[in-house]
Every structure is written in C-alpha cells, then in structure tokens.
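Colleague: Just dropping this structure here.
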Amino acid sequence: MATERVRHFLEFSDLSRAELEHVFARTRIIKDRFKRYQAYQPLTDRTLAMVFEKASTRTRVSFEAGMYQMGGSVIHLTTGDSQLGRAEPIEDTARVISRMVDIVMIRTFEQSKIERFANNSRVPVINGLTNEYHPCQILADIYTFLELRGPIQGRTVAWIGDANNMAYTWVQAAEQLGFALNFAAPPGYGPDPARITRGPHLTLCQDPRQAAAGADLVTTDVWTSMGYEAEGDARRKAFAHWMVDSGVMAAANPNALFMHCLPAHRGEEVSADVIDGPQSAVWDEAENRLHVQKALLEYLLLGFEVQ
C-alpha cells in the first residue's frame with residue numbers, strides 16, 4: 001500500500017491556492033467558535049513539538065495556546081535544553097522527534113536546516129520563521145485583509161523595507177493568490193533576482209510613496225531583522241527616509257490598511273500616528289496568528305475532513 005505523502009509548510013508556496021483557501025475558510029469558523037467560547041478540540045491526544053533556535057513572543061504564544069485550545073499537548077524545546085545545541089545531526093533529531101510527536105514547528109536561522117529536518121520527519125513540519133521565509137505571518141496578514149476588506153485577489157500590496165523573510169514570502173503569496181506586490185527598498189537592500197520570479201504580480205519601486213500609490217495594504221518590518229544586529233547603524237542610515245508615515249499612507253487608497261508583523265519601532269520604520277491610527281490593523285493581525293495557525297494545524301493533521 002502506498003504511503004501518503006507528509007504535508008509540510010516550509011514556504012508559503014508549499015500549499016496550493018485551494019489549500020490556502022481551505023485554511024482561510026477554516027480560520028473564519030475556528031475564530032468564530034473561539035469568540036463564542038465554544039470548545040472545539042479535534043486534536044485531542046495529538047502533540048506539537050515546538051523547537052526554538054530564535055527567540056519568540058507571538059510565535060510561541062500563538063502556537064502553544066492554539067494547540068491547547070484544539071485539545072492537544074505541547075512540548076517546548078530550545079537548543080539549550082536539547083541535543084540540537086550539542087551538534088547532533090539535525091537528521092537524527094528529526095528521525096527521533098517525529099517518532100514521538102504528531103507535528104513539529106521550528107523557528108530557526110537557515111531555511112536549509114528546516115528543510116533537512118522535514119526531509120527526515122515522519123510528521124508535518126511548520127516553518128515558524130527562518131532567515132528566508134515567514135509563511136505563518138503572511139497567512140495571518142492575508143487572513144486579516146480578507147476579514148477586514150474582502151478577497152485579496154486583484155488588490156495591491158505595498159512592501160516597504162528590505163528583502164527579508166517577510167518580503168520574500170509576500171512575493172510568493174502575490175504569485176500564489178493573484179494580487180500585485182509593489183516592492184520598495186533602498187539601493188542595496190532589494191530582492192535577489194535569483195530568488196524572485198518577475199511578472200505582473202511584482203513591481204520594484206524606487207521609493208515608499210511610489211510603492212504605496214493606489215495600494216490597498218501597506219506593510220513593513222523593522223529595518224534590522226534578528227541576526228543582522230551588526231548592520232544596525234548602516235541600515236538606519238540607508239532607511240532614513242523610508243518610514244511609513246502619514247504622507248506615505250496618503251498615497252495609498254483612502255481605505256488602505258497598514259500592517260506590521262511586530263515588534264515595531266515607532267519613529268523608525270513606522271510613525272506612531274500610523275501604527276496607532278485608524279488604518280492600522282496590527283492588533284487584529286497579531287491575534288490572527290492564533291486563529292490561522294489553528295486552522296493550519298488542523299489541516300496538516302486532519303486534511304479536508306473536518307467538522
């Protein structure tokens with residue numbers, strides 16, 4: 001008998017459009033049940049292992065709370081309290097952990113690490129963040145847009161910032177879901193041509209206001225991502241005129257949303273009046289990490305056959 005292929009979520013493009021639409025539809029139902037205090041525990045007796053090589057607030061809380069709310073259990077591991085920090089081959093770690101749990105979430109540095117783990121895992125593996133991609137955050141961002149503004153297909157998203165893990169995931173999402181992405185980064189901080197597919201889904205812009213022009217969503221991130229702290233001074237100089245402020249938002253559509261994956265530095269990548277203003281959706285966006293990841297856990301473990 002053929003063995004069913006294990007589904008992983010290492011990049012946004014790992015799920016088809018139909019699968020993504022299923023996850024978004026389930027998110028709406030799961031969130032509604034949560035808001036009505038209606039218990040929904042389809043993952044009873046299932047165990048999630050969370051492996052952290054990078055620090056986390058939102059990722060840990062959302063996955064841990066979500067798994068417990070779905071009836072499952074959670075094991076929290078870091079490099080300091082596991083063999084991951086003692087040079088055990090990641091392939092061996094994957095072979096052992098995946099015999100003991102039902103699903104694994106990893107937040108680490110190189111994408112190659114999580115790919116090696118997944119290649120040797122018997123159970124689904126979720127990317128909680130790597131240097132290259134942050135697919136769970138973009139799931140939450142897109143769901144938040146759907147919730148507040150309707151379908152994202154045919155809309156325009158403005159990314160203002162460097163070519164980091166968020167940006168590359170937005171590029172994948174634009175191609176996957178049929179919306180336009182305006183990508184604005186200072187010289188030297190734009191996307192690697194080898195990592196993007198040029199097409200109608202992607203426009204490279206020269207400045208923030210050009211990117212924001214006519215956009216339905218404006219989004220950004222810190223100028224110096226985790227692991228790049230040594231470049232902090234150079235990045236602050238390069239991005240000195242790239243703050244998302246009221247002038248940038250004025251170039252967007254009047255009902256455009258602003259998003260930021262957090263933590264945010266007011267007065268650097270975003271002004272206080274924008275992130276705390278009426279167009280900001282950052283708190284809905286942050287909460288929706290919980291709901292969309294519950295739907296993702298449900299799909300990877302149970303497939304389409306859910307109540």
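Ordered as shown in the structure tokens, chains take letters A, B, and onward, while each chain numbers its residues from 1 and ligands are numbered from 1 in the order shown.
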Give me, as JSON lines, the closest atom pair and its distance (Å, one decimal) for every residue of region 169-211 of chain A within a cut-off of 12 Å of region 160-164 of chain A, counting only C-alpha atoms, rows sorted by chain and rising number.
Modeller:
{"residue": "A:Thr169", "atom": "CA", "partner": "A:Asn164", "partner_atom": "CA", "distance": 8.7}
{"residue": "A:Trp170", "atom": "CA", "partner": "A:Asn164", "partner_atom": "CA", "distance": 10.0}
{"residue": "A:Val171", "atom": "CA", "partner": "A:Ala163", "partner_atom": "CA", "distance": 10.0}
{"residue": "A:Leu181", "atom": "CA", "partner": "A:Ile160", "partner_atom": "CA", "distance": 10.4}
{"residue": "A:Asn182", "atom": "CA", "partner": "A:Ile160", "partner_atom": "CA", "distance": 8.3}
{"residue": "A:Phe183", "atom": "CA", "partner": "A:Ile160", "partner_atom": "CA", "distance": 6.3}
{"residue": "A:Ala184", "atom": "CA", "partner": "A:Ile160", "partner_atom": "CA", "distance": 4.9}
{"residue": "A:Ala185", "atom": "CA", "partner": "A:Gly161", "partner_atom": "CA", "distance": 5.1}
{"residue": "A:Pro186", "atom": "CA", "partner": "A:Asp162", "partner_atom": "CA", "distance": 7.3}
{"residue": "A:Pro187", "atom": "CA", "partner": "A:Asp162", "partner_atom": "CA", "distance": 9.5}
{"residue": "A:Gly188", "atom": "CA", "partner": "A:Asp162", "partner_atom": "CA", "distance": 8.8}
{"residue": "A:Tyr189", "atom": "CA", "partner": "A:Asp162", "partner_atom": "CA", "distance": 5.1}
{"residue": "A:Gly190", "atom": "CA", "partner": "A:Ala163", "partner_atom": "CA", "distance": 5.3}
{"residue": "A:Pro191", "atom": "CA", "partner": "A:Ala163", "partner_atom": "CA", "distance": 5.0}
{"residue": "A:Asp192", "atom": "CA", "partner": "A:Ala163", "partner_atom": "CA", "distance": 7.8}
{"residue": "A:Pro193", "atom": "CA", "partner": "A:Ala163", "partner_atom": "CA", "distance": 10.8}
{"residue": "A:Arg195", "atom": "CA", "partner": "A:Ala163", "partner_atom": "CA", "distance": 10.2}
{"residue": "A:Ile196", "atom": "CA", "partner": "A:Ala163", "partner_atom": "CA", "distance": 10.6}
{"residue": "A:Leu204", "atom": "CA", "partner": "A:Ile160", "partner_atom": "CA", "distance": 10.5}
{"residue": "A:Cys205", "atom": "CA", "partner": "A:Ile160", "partner_atom": "CA", "distance": 9.3}
{"residue": "A:Gln206", "atom": "CA", "partner": "A:Ile160", "partner_atom": "CA", "distance": 10.2}
{"residue": "A:Asp207", "atom": "CA", "partner": "A:Ile160", "partner_atom": "CA", "distance": 8.3}
{"residue": "A:Pro208", "atom": "CA", "partner": "A:Ile160", "partner_atom": "CA", "distance": 6.0}
{"residue": "A:Arg209", "atom": "CA", "partner": "A:Ile160", "partner_atom": "CA", "distance": 9.2}
{"residue": "A:Gln210", "atom": "CA", "partner": "A:Ile160", "partner_atom": "CA", "distance": 10.1}
{"residue": "A:Ala211", "atom": "CA", "partner": "A:Ile160", "partner_atom": "CA", "distance": 7.3}
Colleague: Please produce a file of those selected residues containing N, CA and C atoms, as a short mmCIF file (atom, residue, chain, number, x, y, z; two decimals), in the first residue's frame.
Modeller:
data_model
loop_
_atom_site.label_atom_id
_atom_site.label_comp_id
_atom_site.auth_asym_id
_atom_site.auth_seq_id
_atom_site.Cartn_x
_atom_site.Cartn_y
_atom_site.Cartn_z
N THR A 169 8.33 36.16 1.34
CA THR A 169 7.08 35.42 1.50
C THR A 169 5.92 36.17 0.84
N TRP A 170 5.94 37.50 0.94
CA TRP A 170 4.93 38.29 0.24
C TRP A 170 5.01 38.08 -1.27
N VAL A 171 6.23 37.96 -1.79
CA VAL A 171 6.41 37.72 -3.24
C VAL A 171 5.75 36.39 -3.62
N LEU A 181 2.15 43.07 -5.95
CA LEU A 181 3.03 43.48 -4.86
C LEU A 181 3.97 44.57 -5.37
N ASN A 182 3.88 45.76 -4.77
CA ASN A 182 4.84 46.83 -5.04
C ASN A 182 5.93 46.76 -3.99
N PHE A 183 7.16 46.53 -4.41
CA PHE A 183 8.29 46.26 -3.52
C PHE A 183 9.24 47.45 -3.56
N ALA A 184 9.38 48.16 -2.43
CA ALA A 184 10.26 49.31 -2.35
C ALA A 184 11.34 49.08 -1.30
N ALA A 185 12.59 49.15 -1.72
CA ALA A 185 13.73 49.00 -0.82
C ALA A 185 14.82 49.97 -1.25
N PRO A 186 15.62 50.49 -0.31
CA PRO A 186 16.74 51.36 -0.68
C PRO A 186 17.76 50.60 -1.53
N PRO A 187 18.59 51.31 -2.28
CA PRO A 187 19.63 50.65 -3.07
C PRO A 187 20.49 49.73 -2.21
N GLY A 188 20.69 48.52 -2.71
CA GLY A 188 21.50 47.55 -1.99
C GLY A 188 20.71 46.65 -1.07
N TYR A 189 19.40 46.93 -0.88
CA TYR A 189 18.58 46.14 0.02
C TYR A 189 17.38 45.51 -0.68
N GLY A 190 17.38 45.52 -2.01
CA GLY A 190 16.29 44.94 -2.76
C GLY A 190 16.42 43.43 -2.88
N PRO A 191 15.45 42.81 -3.56
CA PRO A 191 15.44 41.34 -3.65
C PRO A 191 16.54 40.80 -4.55
N ASP A 192 16.99 39.62 -4.23
CA ASP A 192 17.96 38.89 -5.04
C ASP A 192 17.23 38.40 -6.30
N PRO A 193 17.69 38.78 -7.49
CA PRO A 193 16.99 38.35 -8.71
C PRO A 193 16.84 36.84 -8.82
N ARG A 195 16.05 34.87 -6.54
CA ARG A 195 15.02 34.35 -5.62
C ARG A 195 13.61 34.84 -5.95
N ILE A 196 13.46 35.58 -7.02
CA ILE A 196 12.13 36.09 -7.37
C ILE A 196 11.79 35.74 -8.81
N LEU A 204 9.02 46.46 -8.82
CA LEU A 204 10.07 47.02 -7.98
C LEU A 204 10.01 48.54 -8.07
N CYS A 205 9.92 49.20 -6.92
CA CYS A 205 9.71 50.65 -6.86
C CYS A 205 10.93 51.35 -6.28
N GLN A 206 11.02 52.66 -6.55
CA GLN A 206 12.20 53.43 -6.17
C GLN A 206 12.08 54.09 -4.80
N ASP A 207 10.86 54.27 -4.31
CA ASP A 207 10.69 54.93 -3.02
C ASP A 207 9.36 54.52 -2.39
N PRO A 208 9.17 54.81 -1.12
CA PRO A 208 7.96 54.35 -0.42
C PRO A 208 6.66 54.89 -1.01
N ARG A 209 6.64 56.14 -1.41
CA ARG A 209 5.38 56.70 -1.91
C ARG A 209 5.01 56.11 -3.26
N GLN A 210 5.98 55.81 -4.08
CA GLN A 210 5.70 55.13 -5.34
C GLN A 210 5.08 53.77 -5.08
N ALA A 211 5.62 53.04 -4.10
CA ALA A 211 5.09 51.72 -3.78
C ALA A 211 3.68 51.81 -3.22
#
Colleague: If you run DSSP on the backbone, which residues of region 4-198 of chain A are alpha helix (DSSP H), as an MDAnalysis selection string?
Modeller: chainID A and resid 17:35 58:69 90:97 111:119 135:149 165:177
Colleague: Could you give me, as a Markdown table, a per-residue list for region 146-184 of chain A showing, wherever an atom lies at most 8 Å from an atom of region 5-14 of chain A, the closest pair of atoms and their distance in Å to one decimal, using only C-alpha atoms and sorting by chain then residue number from low to high?
Modeller:
| residue | atom | partner | partner_atom | distance |
| --- | --- | --- | --- | --- |
| A:Thr169 | CA | A:Phe12 | CA | 6.3 |
| A:Gln172 | CA | A:Ser13 | CA | 6.1 |
| A:Ala173 | CA | A:Phe12 | CA | 6.5 |
| A:Gln176 | CA | A:Ser13 | CA | 6.8 |
Colleague: Do a neighbour search on region 287-290 of chain A at 6 Å with only C-alpha atoms, toss out local chain neighbours closer than 6 positions, and write the hits as number ranges by chain.
Modeller: A: 62, 66, 140
Colleague: Restricting it to N, CA and C atoms, dump the selection as an mmCIF file, in the first residue's frame.
Modeller:
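So selection_33.cif came out as:
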data_model
loop_
_atom_site.group_PDB
_atom_site.id
_atom_site.type_symbol
_atom_site.label_atom_id
_atom_site.label_comp_id
_atom_site.auth_asym_id
_atom_site.auth_seq_id
_atom_site.Cartn_x
_atom_site.Cartn_y
_atom_site.Cartn_z
ATOM 1 N N SER A 62 1.123 31.961 20.274
ATOM 2 C CA SER A 62 0.038 31.595 19.358
ATOM 3 C C SER A 62 0.003 30.096 19.089
ATOM 4 N N GLY A 66 -2.824 27.876 20.819
ATOM 5 C CA GLY A 66 -3.675 27.275 19.799
ATOM 6 C C GLY A 66 -3.760 25.775 19.908
ATOM 7 N N ALA A 140 -1.441 34.955 8.385
ATOM 8 C CA ALA A 140 -2.229 35.806 9.279
ATOM 9 C C ALA A 140 -2.514 37.163 8.650
#
Colleague: Enumerate the residues of region 159-275 of chain A with a DSSP assignment of strand (DSSP E), computed from the backbone, and present them as a ChimeraX atom specification.
Modeller: /A:159-160,180-184,202-205,217-220,257-260
Colleague: So the first atom is CA of Pro254 (chain A) and the second is CA of Thr219 (chain A); what is the distance between them in Å, to one decimal place?
Modeller: 15.2 Å
